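Everything below concerns the one structure shown next.
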Amino acid sequence: MVKIKVDEGACVGCGSCVEDCPNDVYELDSEHGKTVVVNEKDCMACLSCHEICPSQALEHNDIPVAKRLYIDRKVNQVINKIL
Ligand code: SF4
Ligand code: SF4
């Protein structure tokens, strides 16, 4: 399973990852102004949140190779439709 680590010292609480994640993996902890992982098991390792975070506060580990291949195939299908 994908393991997600949020660097609380780096997170500025912008909420970009919460809005960006298609699988509702994050929530914003309004009390502390930081994002928290609430649904790690649904992470499909697209790494979109990783790209969008302005503080590089997100770290993803243990990404299964098969999962990435699946994502890449889906992306390729979408790209092929556009081209
Ligand atoms: S995108 Fe980065 S800085 Fe913004 S809330 Fe998420 S982890 Fe924090
Ligand atoms: S890698 Fe994708 S699915 Fe996983 S938490 Fe980030 S945006 Fe959500």
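Here, A, B, ... name the chains of the structure tokens in the order displayed, residue numbers run from 1 inside each chain, and ligands are numbered from 1 in the same displayed order.
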Could you pull the residues within 8 Å of Tyr26 of chain A, counting only C-alpha atoms, minus those fewer than 3 positions along the same chain, as an mmCIF file with N, CA and C atoms, in the first residue's frame?
data_model
loop_
_atom_site.group_PDB
_atom_site.id
_atom_site.type_symbol
_atom_site.label_atom_id
_atom_site.label_comp_id
_atom_site.auth_asym_id
_atom_site.auth_seq_id
_atom_site.Cartn_x
_atom_site.Cartn_y
_atom_site.Cartn_z
ATOM 1 N N CYS A 17 -3.710 20.289 -2.281
ATOM 2 C CA CYS A 17 -3.721 18.824 -2.380
ATOM 3 C C CYS A 17 -5.125 18.276 -2.095
ATOM 4 N N VAL A 18 -5.838 18.918 -1.181
ATOM 5 C CA VAL A 18 -7.202 18.478 -0.840
ATOM 6 C C VAL A 18 -8.112 18.626 -2.066
ATOM 7 N N CYS A 21 -6.726 16.097 -5.207
ATOM 8 C CA CYS A 21 -6.771 14.629 -5.151
ATOM 9 C C CYS A 21 -8.136 14.097 -5.623
ATOM 10 N N THR A 35 -2.643 19.992 6.196
ATOM 11 C CA THR A 35 -3.387 18.902 5.590
ATOM 12 C C THR A 35 -3.101 17.595 6.343
ATOM 13 N N VAL A 36 -4.116 16.733 6.393
ATOM 14 C CA VAL A 36 -3.939 15.432 7.034
ATOM 15 C C VAL A 36 -4.411 14.334 6.078
ATOM 16 N N VAL A 37 -3.794 13.182 6.193
ATOM 17 C CA VAL A 37 -4.162 12.032 5.370
ATOM 18 C C VAL A 37 -5.309 11.309 6.061
ATOM 19 N N VAL A 38 -6.445 11.180 5.364
ATOM 20 C CA VAL A 38 -7.610 10.537 5.983
ATOM 21 C C VAL A 38 -8.050 9.283 5.235
ATOM 22 N N ASN A 39 -7.486 9.058 4.055
ATOM 23 C CA ASN A 39 -7.982 7.950 3.239
ATOM 24 C C ASN A 39 -6.844 7.361 2.400
#
Legend entry - At most 8 Å from ligand 2 (only C-alpha atoms and all ligand atoms): residue list as a PyMOL selection string: chain A and resi 4+17+20-26+40+42-50+60
Legend entry - Within 9 Å of Pro54 of chain A using only C-alpha atoms, minus same-chain residues under 4 positions, as a list in words: Cys11, Val12, Cys14, Ser16 and His50 of chain A
Legend entry - Distance in Å - atom CA of Ser55 of chain A versus atom 3 (S, counted along the ligand's line) of ligand 1: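 It comes out at 5.1 Å.
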Inset, instruction - Point out the residue among A:Leu28, A:Val75, A:Cys53, A:Ala10 with the least atom-to-atom distance to ligand 1, counting only C-alpha atoms and all ligand atoms. - result: A:Cys53
Inset, instruction - Apply DSSP to the structure's backbone, then extract all residues of chain A labelled helix (DSSP H, G or I) and return them as a PyMOL selection string. - result: chain A and resi 16-20+40-42+48-52+65-82
Dump of C-alpha atoms for the selected residues, as a short mmCIF file (atom, residue, chain, number, x, y, z; two decimals), in the first residue's frame:
data_model
loop_
_atom_site.label_atom_id
_atom_site.label_comp_id
_atom_site.auth_asym_id
_atom_site.auth_seq_id
_atom_site.Cartn_x
_atom_site.Cartn_y
_atom_site.Cartn_z
CA SER A 16 -4.28 22.52 -3.04
CA CYS A 17 -3.72 18.82 -2.38
CA VAL A 18 -7.20 18.48 -0.84
CA GLU A 19 -8.82 20.01 -3.92
CA ASP A 20 -6.57 18.23 -6.38
CA GLU A 40 -4.55 6.55 2.42
CA LYS A 41 -5.85 3.23 1.09
CA ASP A 42 -7.53 4.94 -1.88
CA SER A 48 -0.72 14.83 -8.86
CA CYS A 49 -0.73 16.22 -5.30
CA HIS A 50 3.01 15.85 -5.16
CA GLU A 51 3.33 18.02 -8.27
CA ILE A 52 0.88 20.69 -7.12
CA VAL A 65 5.09 -0.86 -9.83
CA ALA A 66 1.90 -2.46 -11.14
CA LYS A 67 -0.13 0.48 -9.89
CA ARG A 68 2.05 2.96 -11.74
CA LEU A 69 1.85 0.92 -14.95
CA TYR A 70 -1.93 0.93 -14.69
CA ILE A 71 -1.99 4.70 -14.26
CA ASP A 72 0.43 5.18 -17.12
CA ARG A 73 -1.73 3.04 -19.41
CA LYS A 74 -4.79 5.09 -18.51
CA VAL A 75 -2.89 8.29 -19.19
CA ASN A 76 -1.72 6.90 -22.51
CA GLN A 77 -5.29 6.06 -23.49
CA VAL A 78 -6.40 9.62 -22.76
CA ILE A 79 -3.44 11.08 -24.66
CA ASN A 80 -4.14 8.84 -27.64
CA LYS A 81 -7.74 10.07 -27.75
CA ILE A 82 -6.59 13.69 -27.75
#
Legend entry - Residue nearest ligand 1 - candidates A:Glu31, A:Asn61, A:Leu83, A:Lys5, atoms counted: only C-alpha atoms and all ligand atoms: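 Counting only C-alpha atoms and all ligand atoms, the residue closest to ligand 1 is A:Lys5.
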Inset, instruction - Would you mind writing down, as a ChimeraX atom specification, each residue of segment 9-48 of chain A that DSSP on the backbone assigns to strand (DSSP E)? - result: /A:26-29,34-37
Can those selected residues be exported to a file as a PDB file, in the first residue's frame so that it contains N, CA and C atoms?
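That gives us again22.pdb:
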ATOM      1  N   TYR A  26      -7.028  13.446   1.271  1.00  0.00           N
ATOM      2  CA  TYR A  26      -6.649  14.457   2.272  1.00  0.00           C
ATOM      3  C   TYR A  26      -7.848  15.244   2.797  1.00  0.00           C
ATOM      4  N   GLU A  27      -7.653  15.802   3.973  1.00  0.00           N
ATOM      5  CA  GLU A  27      -8.566  16.818   4.503  1.00  0.00           C
ATOM      6  C   GLU A  27      -7.713  17.903   5.132  1.00  0.00           C
ATOM      7  N   LEU A  28      -8.263  19.098   5.177  1.00  0.00           N
ATOM      8  CA  LEU A  28      -7.542  20.182   5.830  1.00  0.00           C
ATOM      9  C   LEU A  28      -7.956  20.244   7.288  1.00  0.00           C
ATOM     10  N   ASP A  29      -6.986  20.172   8.170  1.00  0.00           N
ATOM     11  CA  ASP A  29      -7.237  20.307   9.597  1.00  0.00           C
ATOM     12  C   ASP A  29      -7.291  21.804   9.897  1.00  0.00           C
ATOM     13  N   LYS A  34      -3.152  22.598   8.629  1.00  0.00           N
ATOM     14  CA  LYS A  34      -2.291  21.644   7.909  1.00  0.00           C
ATOM     15  C   LYS A  34      -3.172  20.587   7.252  1.00  0.00           C
ATOM     16  N   THR A  35      -2.643  19.992   6.196  1.00  0.00           N
ATOM     17  CA  THR A  35      -3.387  18.902   5.590  1.00  0.00           C
ATOM     18  C   THR A  35      -3.101  17.595   6.343  1.00  0.00           C
ATOM     19  N   VAL A  36      -4.116  16.733   6.393  1.00  0.00           N
ATOM     20  CA  VAL A  36      -3.939  15.432   7.034  1.00  0.00           C
ATOM     21  C   VAL A  36      -4.411  14.334   6.078  1.00  0.00           C
ATOM     22  N   VAL A  37      -3.794  13.182   6.193  1.00  0.00           N
ATOM     23  CA  VAL A  37      -4.162  12.032   5.370  1.00  0.00           C
ATOM     24  C   VAL A  37      -5.309  11.309   6.061  1.00  0.00           C
TER      25      VAL A  37
END
Inset, instruction - Measure the distance from atom CA of Ala57 of chain A to atom CA of Gly33 of chain A in Å and round it to one decimal. - result: 13.5 Å
Inset, instruction - Measure the distance from atom CA of Asp62 of chain A to atom CA of Gly13 of chain A in Å and round it to one decimal. - result: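 Atom CA of Gly13 of chain A lies 24.9 Å from atom CA of Asp62 of chain A.
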Inset, instruction - Select, from A:Gly15, A:Glu8, A:Met1, A:Glu59, the residue with the minimum atom-to-atom distance to ligand 1, counting only C-alpha atoms and all ligand atoms. - result: A:Gly15
